[in-house]
$ cat coords-v2.txt   # compact mmCIF, N, CA and C atoms
# COMPACT_ATOMS: atom_id res chain seq x y z
N MET A 1 0.85 -1.17 0.00
CA MET A 1 0.00 0.00 0.00
C MET A 1 0.89 1.23 0.00
N THR A 2 0.91 1.96 -1.10
CA THR A 2 1.72 3.17 -1.22
C THR A 2 0.81 4.37 -1.33
N GLU A 3 1.09 5.38 -0.54
CA GLU A 3 0.34 6.62 -0.59
C GLU A 3 1.26 7.71 -1.11
N GLN A 4 0.73 8.62 -1.92
CA GLN A 4 1.49 9.76 -2.40
C GLN A 4 1.14 10.95 -1.51
N VAL A 5 2.14 11.60 -0.94
CA VAL A 5 1.92 12.73 -0.06
C VAL A 5 2.66 13.93 -0.64
N GLU A 6 1.97 15.05 -0.70
CA GLU A 6 2.63 16.27 -1.18
C GLU A 6 3.65 16.72 -0.13
N THR A 7 4.78 17.21 -0.61
CA THR A 7 5.78 17.74 0.31
C THR A 7 5.33 19.11 0.76
N SER A 8 4.95 19.20 2.02
CA SER A 8 4.49 20.46 2.57
C SER A 8 4.71 20.44 4.07
N THR A 9 4.26 21.49 4.71
CA THR A 9 4.42 21.56 6.16
C THR A 9 3.22 20.97 6.88
N ASP A 10 2.21 20.50 6.14
CA ASP A 10 1.05 19.87 6.76
C ASP A 10 1.49 18.59 7.46
N ARG A 11 0.93 18.39 8.64
CA ARG A 11 1.30 17.21 9.42
C ARG A 11 0.11 16.26 9.49
N ARG A 12 0.30 15.08 8.93
CA ARG A 12 -0.75 14.07 8.95
C ARG A 12 -0.77 13.36 10.30
N THR A 13 -1.95 13.01 10.76
CA THR A 13 -2.07 12.27 12.01
C THR A 13 -2.35 10.79 11.77
N ASP A 14 -2.62 10.43 10.50
CA ASP A 14 -2.96 9.04 10.19
C ASP A 14 -1.79 8.25 9.60
N SER A 15 -0.60 8.84 9.60
CA SER A 15 0.59 8.13 9.11
C SER A 15 1.84 8.87 9.56
N ILE A 16 2.97 8.36 9.17
CA ILE A 16 4.26 8.99 9.46
C ILE A 16 4.40 10.24 8.59
N ASN A 17 5.23 11.17 9.01
CA ASN A 17 5.51 12.39 8.25
C ASN A 17 7.01 12.53 8.06
N LEU A 18 7.40 13.05 6.92
CA LEU A 18 8.81 13.31 6.62
C LEU A 18 8.92 14.75 6.15
N SER A 19 9.74 15.55 6.85
CA SER A 19 9.88 16.95 6.49
C SER A 19 10.60 17.07 5.14
N PRO A 20 10.40 18.17 4.43
CA PRO A 20 11.13 18.38 3.18
C PRO A 20 12.65 18.35 3.37
N VAL A 21 13.14 18.85 4.49
CA VAL A 21 14.58 18.84 4.78
C VAL A 21 15.07 17.39 4.93
N ALA A 22 14.31 16.58 5.65
CA ALA A 22 14.69 15.18 5.84
C ALA A 22 14.62 14.42 4.52
N ALA A 23 13.60 14.69 3.71
CA ALA A 23 13.48 14.03 2.41
C ALA A 23 14.68 14.36 1.53
N ALA A 24 15.11 15.61 1.54
CA ALA A 24 16.27 16.01 0.74
C ALA A 24 17.54 15.31 1.24
N LYS A 25 17.68 15.17 2.55
CA LYS A 25 18.85 14.49 3.11
C LYS A 25 18.85 13.01 2.74
N VAL A 26 17.70 12.37 2.82
CA VAL A 26 17.60 10.96 2.43
C VAL A 26 17.99 10.80 0.97
N LYS A 27 17.46 11.65 0.10
CA LYS A 27 17.81 11.59 -1.33
C LYS A 27 19.31 11.74 -1.53
N SER A 28 19.91 12.69 -0.80
CA SER A 28 21.34 12.94 -0.91
C SER A 28 22.15 11.71 -0.48
N LEU A 29 21.75 11.10 0.62
CA LEU A 29 22.46 9.91 1.11
C LEU A 29 22.34 8.75 0.13
N LEU A 30 21.17 8.57 -0.46
CA LEU A 30 20.98 7.49 -1.43
C LEU A 30 21.78 7.74 -2.70
N GLU A 31 21.87 9.01 -3.12
CA GLU A 31 22.67 9.35 -4.29
C GLU A 31 24.15 9.09 -4.03
N GLN A 32 24.62 9.42 -2.81
CA GLN A 32 26.02 9.16 -2.46
C GLN A 32 26.33 7.67 -2.51
N GLU A 33 25.36 6.86 -2.12
CA GLU A 33 25.55 5.40 -2.13
C GLU A 33 25.33 4.81 -3.52
N GLY A 34 24.76 5.60 -4.42
CA GLY A 34 24.47 5.09 -5.75
C GLY A 34 23.34 4.08 -5.75
N ARG A 35 22.41 4.23 -4.82
CA ARG A 35 21.30 3.28 -4.69
C ARG A 35 19.97 4.00 -4.86
N ASP A 36 19.13 3.47 -5.70
CA ASP A 36 17.79 4.02 -5.82
C ASP A 36 16.73 2.96 -5.51
N ASP A 37 17.20 1.82 -5.00
CA ASP A 37 16.31 0.70 -4.70
C ASP A 37 16.00 0.58 -3.21
N LEU A 38 16.45 1.55 -2.41
CA LEU A 38 16.27 1.47 -0.97
C LEU A 38 15.17 2.41 -0.49
N SER A 39 14.52 2.00 0.59
CA SER A 39 13.52 2.82 1.26
C SER A 39 14.04 3.17 2.64
N LEU A 40 13.50 4.23 3.21
CA LEU A 40 13.81 4.59 4.59
C LEU A 40 12.81 3.85 5.47
N ARG A 41 13.30 2.95 6.29
CA ARG A 41 12.42 2.17 7.18
C ARG A 41 12.56 2.71 8.59
N ILE A 42 11.42 2.90 9.24
CA ILE A 42 11.41 3.27 10.65
C ILE A 42 10.55 2.27 11.38
N SER A 43 11.07 1.83 12.52
CA SER A 43 10.30 0.89 13.33
C SER A 43 10.49 1.22 14.80
N VAL A 44 9.61 0.69 15.60
CA VAL A 44 9.66 0.84 17.05
C VAL A 44 9.97 -0.53 17.61
N GLN A 45 11.01 -0.62 18.45
CA GLN A 45 11.45 -1.88 19.04
C GLN A 45 11.50 -1.75 20.55
N PRO A 46 11.31 -2.85 21.27
CA PRO A 46 11.51 -2.80 22.72
C PRO A 46 12.97 -2.48 23.04
N GLY A 47 13.18 -1.69 24.07
CA GLY A 47 14.55 -1.40 24.49
C GLY A 47 14.70 0.01 25.01
N GLY A 48 15.89 0.31 25.48
CA GLY A 48 16.18 1.63 26.02
C GLY A 48 15.68 1.79 27.43
N CYS A 49 15.99 2.91 28.03
CA CYS A 49 15.63 3.19 29.42
C CYS A 49 14.12 3.29 29.64
N SER A 50 13.40 3.80 28.62
CA SER A 50 11.97 4.05 28.77
C SER A 50 11.08 2.96 28.19
N GLY A 51 11.66 1.94 27.59
CA GLY A 51 10.87 0.81 27.12
C GLY A 51 10.81 0.62 25.62
N LEU A 52 10.83 1.70 24.85
CA LEU A 52 10.76 1.61 23.39
C LEU A 52 11.81 2.51 22.76
N ARG A 53 12.32 2.08 21.61
CA ARG A 53 13.29 2.90 20.90
C ARG A 53 13.03 2.82 19.40
N TYR A 54 13.48 3.83 18.70
CA TYR A 54 13.30 3.89 17.26
C TYR A 54 14.48 3.22 16.55
N GLN A 55 14.18 2.61 15.41
CA GLN A 55 15.21 2.16 14.50
C GLN A 55 14.91 2.83 13.16
N LEU A 56 15.92 3.48 12.60
CA LEU A 56 15.80 4.21 11.35
C LEU A 56 16.95 3.75 10.45
N PHE A 57 16.61 3.13 9.32
CA PHE A 57 17.66 2.60 8.45
C PHE A 57 17.15 2.43 7.03
N PHE A 58 18.07 2.28 6.09
CA PHE A 58 17.71 2.00 4.71
C PHE A 58 17.48 0.52 4.55
N ASP A 59 16.46 0.17 3.77
CA ASP A 59 16.07 -1.23 3.64
C ASP A 59 15.60 -1.49 2.22
N GLU A 60 15.95 -2.65 1.70
CA GLU A 60 15.49 -3.05 0.38
C GLU A 60 14.35 -4.06 0.46
N ARG A 61 14.05 -4.52 1.68
CA ARG A 61 13.01 -5.53 1.86
C ARG A 61 11.61 -4.93 1.84
N SER A 62 10.66 -5.77 1.53
CA SER A 62 9.25 -5.43 1.64
C SER A 62 8.60 -6.54 2.44
N LEU A 63 8.02 -6.19 3.58
CA LEU A 63 7.43 -7.18 4.47
C LEU A 63 5.90 -7.12 4.39
N ASP A 64 5.26 -8.24 4.66
CA ASP A 64 3.81 -8.31 4.67
C ASP A 64 3.25 -7.33 5.70
N GLY A 65 2.35 -6.48 5.28
CA GLY A 65 1.73 -5.52 6.19
C GLY A 65 2.43 -4.18 6.27
N ASP A 66 3.54 -4.01 5.55
CA ASP A 66 4.24 -2.72 5.56
C ASP A 66 3.33 -1.61 5.02
N VAL A 67 3.45 -0.44 5.62
CA VAL A 67 2.77 0.74 5.11
C VAL A 67 3.85 1.63 4.49
N VAL A 68 3.71 1.90 3.20
CA VAL A 68 4.70 2.68 2.47
C VAL A 68 4.07 4.02 2.09
N THR A 69 4.76 5.11 2.44
CA THR A 69 4.30 6.44 2.09
C THR A 69 5.41 7.13 1.31
N ASP A 70 5.05 7.75 0.20
CA ASP A 70 6.02 8.41 -0.65
C ASP A 70 6.03 9.91 -0.36
N PHE A 71 7.21 10.43 -0.09
CA PHE A 71 7.41 11.86 0.15
C PHE A 71 8.35 12.40 -0.90
N ASP A 72 7.78 12.94 -1.97
CA ASP A 72 8.57 13.55 -3.04
C ASP A 72 9.66 12.61 -3.55
N GLY A 73 9.28 11.35 -3.77
CA GLY A 73 10.22 10.37 -4.30
C GLY A 73 10.97 9.57 -3.26
N VAL A 74 10.77 9.85 -1.98
CA VAL A 74 11.41 9.08 -0.91
C VAL A 74 10.35 8.18 -0.28
N ALA A 75 10.57 6.87 -0.37
CA ALA A 75 9.64 5.92 0.23
C ALA A 75 9.99 5.71 1.70
N VAL A 76 9.01 5.95 2.57
CA VAL A 76 9.18 5.70 4.00
C VAL A 76 8.31 4.50 4.34
N VAL A 77 8.94 3.48 4.93
CA VAL A 77 8.26 2.22 5.22
C VAL A 77 8.14 2.05 6.73
N VAL A 78 6.93 1.68 7.17
CA VAL A 78 6.67 1.40 8.58
C VAL A 78 6.04 0.02 8.66
N ASP A 79 6.58 -0.85 9.50
CA ASP A 79 6.00 -2.18 9.65
C ASP A 79 4.67 -2.07 10.40
N ARG A 80 3.81 -3.07 10.22
CA ARG A 80 2.45 -2.99 10.75
C ARG A 80 2.39 -2.91 12.27
N MET A 81 3.37 -3.45 12.97
CA MET A 81 3.38 -3.38 14.44
C MET A 81 3.76 -1.99 14.94
N SER A 82 4.53 -1.24 14.14
CA SER A 82 5.00 0.08 14.55
C SER A 82 4.04 1.20 14.19
N VAL A 83 3.13 0.95 13.26
CA VAL A 83 2.22 1.99 12.77
C VAL A 83 1.51 2.73 13.89
N PRO A 84 0.88 2.03 14.88
CA PRO A 84 0.16 2.77 15.92
C PRO A 84 1.06 3.70 16.75
N TYR A 85 2.31 3.35 16.89
CA TYR A 85 3.25 4.17 17.66
C TYR A 85 3.73 5.40 16.88
N LEU A 86 3.62 5.34 15.55
CA LEU A 86 4.23 6.37 14.71
C LEU A 86 3.25 7.26 13.96
N ASN A 87 1.95 6.99 14.05
CA ASN A 87 0.98 7.87 13.39
C ASN A 87 1.11 9.28 13.94
N GLY A 88 1.31 10.23 13.05
CA GLY A 88 1.46 11.63 13.43
C GLY A 88 2.89 12.05 13.73
N ALA A 89 3.82 11.10 13.80
CA ALA A 89 5.21 11.43 14.10
C ALA A 89 5.86 12.13 12.90
N MET A 90 6.78 13.05 13.19
CA MET A 90 7.48 13.81 12.16
C MET A 90 8.97 13.47 12.20
N ILE A 91 9.50 12.99 11.09
CA ILE A 91 10.93 12.77 10.95
C ILE A 91 11.51 14.03 10.31
N ASP A 92 12.52 14.58 10.94
CA ASP A 92 13.16 15.79 10.42
C ASP A 92 14.67 15.56 10.41
N PHE A 93 15.40 16.47 9.81
CA PHE A 93 16.86 16.41 9.83
C PHE A 93 17.38 17.75 10.33
N VAL A 94 18.25 17.70 11.33
CA VAL A 94 18.82 18.89 11.94
C VAL A 94 20.31 18.92 11.64
N ASP A 95 20.81 20.07 11.26
CA ASP A 95 22.23 20.25 11.00
C ASP A 95 22.65 21.58 11.59
N SER A 96 23.08 21.54 12.86
CA SER A 96 23.49 22.76 13.54
C SER A 96 24.80 22.49 14.29
N ILE A 97 25.32 23.50 14.92
CA ILE A 97 26.55 23.35 15.70
C ILE A 97 26.33 22.37 16.85
N GLU A 98 25.15 22.42 17.44
CA GLU A 98 24.85 21.60 18.61
C GLU A 98 24.48 20.16 18.27
N LYS A 99 23.89 19.95 17.09
CA LYS A 99 23.33 18.63 16.80
C LYS A 99 23.26 18.41 15.30
N GLN A 100 23.51 17.17 14.88
CA GLN A 100 23.33 16.80 13.49
C GLN A 100 22.73 15.42 13.43
N GLY A 101 21.69 15.27 12.63
CA GLY A 101 21.10 13.96 12.44
C GLY A 101 19.59 14.02 12.33
N PHE A 102 19.01 12.85 12.13
CA PHE A 102 17.56 12.76 12.03
C PHE A 102 16.95 12.84 13.41
N THR A 103 15.82 13.53 13.49
CA THR A 103 15.08 13.64 14.74
C THR A 103 13.66 13.13 14.50
N ILE A 104 13.02 12.68 15.57
CA ILE A 104 11.65 12.21 15.48
C ILE A 104 10.83 12.91 16.56
N ASP A 105 9.85 13.67 16.12
CA ASP A 105 8.92 14.33 17.03
C ASP A 105 7.64 13.50 17.00
N ASN A 106 7.38 12.80 18.10
CA ASN A 106 6.29 11.84 18.14
C ASN A 106 5.24 12.24 19.18
N PRO A 107 4.03 12.62 18.73
CA PRO A 107 2.99 13.00 19.68
C PRO A 107 2.47 11.82 20.49
N ASN A 108 2.78 10.58 20.09
CA ASN A 108 2.34 9.39 20.82
C ASN A 108 3.23 9.06 22.00
N ALA A 109 4.42 9.64 22.05
CA ALA A 109 5.36 9.37 23.15
C ALA A 109 4.91 10.18 24.37
N THR A 110 4.61 9.47 25.44
CA THR A 110 4.15 10.16 26.66
C THR A 110 5.32 10.57 27.54
N GLY A 111 6.49 10.07 27.26
CA GLY A 111 7.68 10.44 28.02
C GLY A 111 8.91 9.83 27.37
N SER A 112 10.07 10.32 27.76
CA SER A 112 11.31 9.78 27.23
C SER A 112 12.37 9.77 28.32
N CYS A 113 13.45 9.08 28.04
CA CYS A 113 14.54 9.02 29.00
C CYS A 113 15.39 10.29 28.90
N ALA A 114 16.27 10.50 29.84
CA ALA A 114 17.10 11.69 29.87
C ALA A 114 18.04 11.78 28.67
N CYS A 115 18.50 10.63 28.19
CA CYS A 115 19.42 10.65 27.04
C CYS A 115 18.68 10.85 25.72
N GLY A 116 17.36 10.69 25.71
CA GLY A 116 16.58 10.93 24.52
C GLY A 116 16.59 9.79 23.52
N ASP A 117 17.15 8.64 23.88
CA ASP A 117 17.24 7.51 22.97
C ASP A 117 16.00 6.62 22.97
N SER A 118 15.17 6.73 24.01
CA SER A 118 14.00 5.86 24.06
C SER A 118 12.80 6.63 24.59
N PHE A 119 11.63 6.02 24.47
CA PHE A 119 10.39 6.68 24.86
C PHE A 119 9.40 5.64 25.37
N HIS A 120 8.29 6.14 25.90
CA HIS A 120 7.17 5.27 26.27
C HIS A 120 5.86 5.98 26.00
$ encode --input "coords-v2.txt" --output "structure tokens"
Amino acid sequence: MTEQVETSTDRRTDSINLSPVAAAKVKSLLEQEGRDDLSLRISVQPGGCSGLRYQLFFDERSLDGDVVTDFDGVAVVVDRMSVPYLNGAMIDFVDSIEKQGFTIDNPNATGSCACGDSFH
């Protein structure tokens, strides 16, 4: 199931969101690798101080029940078990003096640990 989403600042509550900045960074990373067959997969796994943690990685697999959303040519894949945890979440990319990397703003997270690596 693939959905086409316009790249904008609108935030959907019924699926994952990818900011235009994050989409551009993903495209850049895939171009550097010379790969156009990979999707950005995000999942929620048990672990961390608060009970759950995110996994964000490039994946060529397609699993039964995956929800695939296209953001301006970038496919973001969420497995069916992670969907309820990630609906409405925004993946962004930050590049500043203080921090560099992908960030996840998740309205479903009721709390997180001090290090910021896990949530509940």
$ closest_residue --input "coords-v2.txt" --among "A:Ser28, A:Ser39, A:Glu33, A:Leu52" --to "Ala75 of chain A" --atoms "only C-alpha atoms"
A:Ser39
$ atom_distance --input "coords-v2.txt" --atom1 "atom CA of Lys27 of chain A" --atom2 "atom N of Pro46 of chain A"
27.6 Å
$ atom_distance --input "coords-v2.txt" --atom1 "atom C of Ser82 of chain A" --atom2 "atom N of Val44 of chain A"
5.8 Å
$ axis_aligned_box --input "coords-v2.txt" --around "segment 24-28 of chain A" --padding-each-side "4 Å" --output "JSON"
{"center_x": 18.6, "center_y": 13.4, "center_z": 0.8, "size_x": 15.0, "size_y": 13.2, "size_z": 12.6}
$ select_by_dssp --input "coords-v2.txt" --residues "chain A" --states "helix (DSSP H, G or I)" --output "PyMOL selection string"
chain A and resi 20-33+83-86
$ residues_around --input "coords-v2.txt" --residues "Val67 of chain A" --least-positions-apart "6" --cutoff "6 Å" --atoms "only N, CA and C atoms" --output "PyMOL selection string"
chain A and resi 1+76-80
$ closest_residue --input "coords-v2.txt" --among "A:Gly51, A:Asp92, A:Gly101, A:Asn87" --to "Asp14 of chain A" --atoms "all atoms listed in the file"
A:Asn87
$ select_by_dssp --input "coords-v2.txt" --residues "chain A" --states "strand (DSSP E)" --output "number ranges by chain"
A: 2-5, 17-18, 39-46, 52-59, 67-71, 74-78, 90-95, 100-105, 118-119
$ atom_distance --input "coords-v2.txt" --atom1 "atom CA of Ile97 of chain A" --atom2 "atom CA of Lys25 of chain A"
17.2 Å
$ residues_around --input "coords-v2.txt" --residues "Phe57 of chain A" --least-positions-apart "6" --cutoff "8 Å" --atoms "all atoms listed in the file" --output "VMD selection string"
chain A and resid 38 to 43
$ residues_around --input "coords-v2.txt" --residues "Ala24 of chain A" --least-positions-apart "6" --cutoff "12 Å" --atoms "only C-alpha atoms" --output "list in words"
Thr7, Leu18, Leu30, Glu31, Phe71, Asp72, Gly73, Val74, Ile91, Asp92, Phe93, Val94 and Phe102 of chain A
$ build_atoms --input "coords-v2.txt" --residues "segment 82-93 of chain A" --atoms "all heavy atoms" --output "PDB file, in the frame of the given file"
ATOM      1  N   SER A  82       4.530  -1.240  14.140  1.00  0.00           N
ATOM      2  CA  SER A  82       5.000   0.080  14.550  1.00  0.00           C
ATOM      3  C   SER A  82       4.040   1.200  14.190  1.00  0.00           C
ATOM      4  O   SER A  82       4.127   2.300  14.744  1.00  0.00           O
ATOM      5  CB  SER A  82       6.370   0.369  13.921  1.00  0.00           C
ATOM      6  OG  SER A  82       7.326  -0.568  14.359  1.00  0.00           O
ATOM      7  N   VAL A  83       3.130   0.950  13.260  1.00  0.00           N
ATOM      8  CA  VAL A  83       2.220   1.990  12.770  1.00  0.00           C
ATOM      9  C   VAL A  83       1.510   2.730  13.890  1.00  0.00           C
ATOM     10  O   VAL A  83       1.503   3.961  13.931  1.00  0.00           O
ATOM     11  CB  VAL A  83       1.217   1.419  11.735  1.00  0.00           C
ATOM     12  CG1 VAL A  83       0.079   2.389  11.465  1.00  0.00           C
ATOM     13  CG2 VAL A  83       1.935   1.077  10.443  1.00  0.00           C
ATOM     14  N   PRO A  84       0.880   2.030  14.880  1.00  0.00           N
ATOM     15  CA  PRO A  84       0.160   2.770  15.920  1.00  0.00           C
ATOM     16  C   PRO A  84       1.060   3.700  16.750  1.00  0.00           C
ATOM     17  O   PRO A  84       0.590   4.718  17.247  1.00  0.00           O
ATOM     18  CB  PRO A  84      -0.437   1.685  16.804  1.00  0.00           C
ATOM     19  CG  PRO A  84      -0.335   0.419  16.049  1.00  0.00           C
ATOM     20  CD  PRO A  84       0.742   0.599  15.036  1.00  0.00           C
ATOM     21  N   TYR A  85       2.310   3.350  16.890  1.00  0.00           N
ATOM     22  CA  TYR A  85       3.250   4.170  17.660  1.00  0.00           C
ATOM     23  C   TYR A  85       3.730   5.400  16.880  1.00  0.00           C
ATOM     24  O   TYR A  85       4.235   6.348  17.470  1.00  0.00           O
ATOM     25  CB  TYR A  85       4.474   3.361  18.068  1.00  0.00           C
ATOM     26  CG  TYR A  85       4.192   2.223  18.998  1.00  0.00           C
ATOM     27  CD1 TYR A  85       4.181   0.926  18.528  1.00  0.00           C
ATOM     28  CD2 TYR A  85       3.933   2.439  20.348  1.00  0.00           C
ATOM     29  CE1 TYR A  85       3.932  -0.143  19.381  1.00  0.00           C
ATOM     30  CE2 TYR A  85       3.675   1.382  21.209  1.00  0.00           C
ATOM     31  CZ  TYR A  85       3.667   0.095  20.710  1.00  0.00           C
ATOM     32  OH  TYR A  85       3.416  -0.953  21.557  1.00  0.00           O
ATOM     33  N   LEU A  86       3.620   5.340  15.550  1.00  0.00           N
ATOM     34  CA  LEU A  86       4.230   6.370  14.710  1.00  0.00           C
ATOM     35  C   LEU A  86       3.250   7.260  13.960  1.00  0.00           C
ATOM     36  O   LEU A  86       3.669   8.212  13.305  1.00  0.00           O
ATOM     37  CB  LEU A  86       5.190   5.711  13.713  1.00  0.00           C
ATOM     38  CG  LEU A  86       6.384   5.018  14.359  1.00  0.00           C
ATOM     39  CD1 LEU A  86       7.149   4.192  13.336  1.00  0.00           C
ATOM     40  CD2 LEU A  86       7.297   6.042  15.012  1.00  0.00           C
ATOM     41  N   ASN A  87       1.950   6.990  14.050  1.00  0.00           N
ATOM     42  CA  ASN A  87       0.980   7.870  13.390  1.00  0.00           C
ATOM     43  C   ASN A  87       1.110   9.280  13.940  1.00  0.00           C
ATOM     44  O   ASN A  87       1.040   9.504  15.141  1.00  0.00           O
ATOM     45  CB  ASN A  87      -0.445   7.354  13.582  1.00  0.00           C
ATOM     46  CG  ASN A  87      -0.776   6.239  12.631  1.00  0.00           C
ATOM     47  OD1 ASN A  87      -0.128   6.057  11.610  1.00  0.00           O
ATOM     48  ND2 ASN A  87      -1.802   5.472  12.955  1.00  0.00           N
ATOM     49  N   GLY A  88       1.310  10.230  13.050  1.00  0.00           N
ATOM     50  CA  GLY A  88       1.460  11.630  13.430  1.00  0.00           C
ATOM     51  C   GLY A  88       2.890  12.050  13.730  1.00  0.00           C
ATOM     52  O   GLY A  88       3.166  13.238  13.913  1.00  0.00           O
ATOM     53  N   ALA A  89       3.820  11.100  13.800  1.00  0.00           N
ATOM     54  CA  ALA A  89       5.210  11.430  14.100  1.00  0.00           C
ATOM     55  C   ALA A  89       5.860  12.130  12.900  1.00  0.00           C
ATOM     56  O   ALA A  89       5.543  11.837  11.746  1.00  0.00           O
ATOM     57  CB  ALA A  89       6.006  10.173  14.454  1.00  0.00           C
ATOM     58  N   MET A  90       6.780  13.050  13.190  1.00  0.00           N
ATOM     59  CA  MET A  90       7.480  13.810  12.160  1.00  0.00           C
ATOM     60  C   MET A  90       8.970  13.470  12.200  1.00  0.00           C
ATOM     61  O   MET A  90       9.607  13.648  13.234  1.00  0.00           O
ATOM     62  CB  MET A  90       7.300  15.309  12.370  1.00  0.00           C
ATOM     63  CG  MET A  90       8.104  16.183  11.427  1.00  0.00           C
ATOM     64  SD  MET A  90       7.604  16.085   9.701  1.00  0.00           S
ATOM     65  CE  MET A  90       6.122  17.085   9.731  1.00  0.00           C
ATOM     66  N   ILE A  91       9.500  12.990  11.090  1.00  0.00           N
ATOM     67  CA  ILE A  91      10.930  12.770  10.950  1.00  0.00           C
ATOM     68  C   ILE A  91      11.510  14.030  10.310  1.00  0.00           C
ATOM     69  O   ILE A  91      11.029  14.470   9.270  1.00  0.00           O
ATOM     70  CB  ILE A  91      11.256  11.554  10.072  1.00  0.00           C
ATOM     71  CG1 ILE A  91      10.623  10.294  10.645  1.00  0.00           C
ATOM     72  CG2 ILE A  91      12.763  11.381   9.934  1.00  0.00           C
ATOM     73  CD1 ILE A  91      10.743   9.087   9.736  1.00  0.00           C
ATOM     74  N   ASP A  92      12.520  14.580  10.940  1.00  0.00           N
ATOM     75  CA  ASP A  92      13.160  15.790  10.420  1.00  0.00           C
ATOM     76  C   ASP A  92      14.670  15.560  10.410  1.00  0.00           C
ATOM     77  O   ASP A  92      15.161  14.563  10.955  1.00  0.00           O
ATOM     78  CB  ASP A  92      12.806  16.993  11.303  1.00  0.00           C
ATOM     79  CG  ASP A  92      13.064  18.329  10.614  1.00  0.00           C
ATOM     80  OD1 ASP A  92      13.441  18.349   9.421  1.00  0.00           O
ATOM     81  OD2 ASP A  92      12.891  19.357  11.278  1.00  0.00           O
ATOM     82  N   PHE A  93      15.400  16.470   9.810  1.00  0.00           N
ATOM     83  CA  PHE A  93      16.860  16.410   9.830  1.00  0.00           C
ATOM     84  C   PHE A  93      17.380  17.750  10.330  1.00  0.00           C
ATOM     85  O   PHE A  93      16.975  18.803   9.826  1.00  0.00           O
ATOM     86  CB  PHE A  93      17.451  16.112   8.453  1.00  0.00           C
ATOM     87  CG  PHE A  93      18.936  15.918   8.492  1.00  0.00           C
ATOM     88  CD1 PHE A  93      19.480  14.718   8.909  1.00  0.00           C
ATOM     89  CD2 PHE A  93      19.795  16.951   8.154  1.00  0.00           C
ATOM     90  CE1 PHE A  93      20.849  14.545   8.973  1.00  0.00           C
ATOM     91  CE2 PHE A  93      21.172  16.789   8.224  1.00  0.00           C
ATOM     92  CZ  PHE A  93      21.695  15.579   8.634  1.00  0.00           C
TER      93      PHE A  93
END
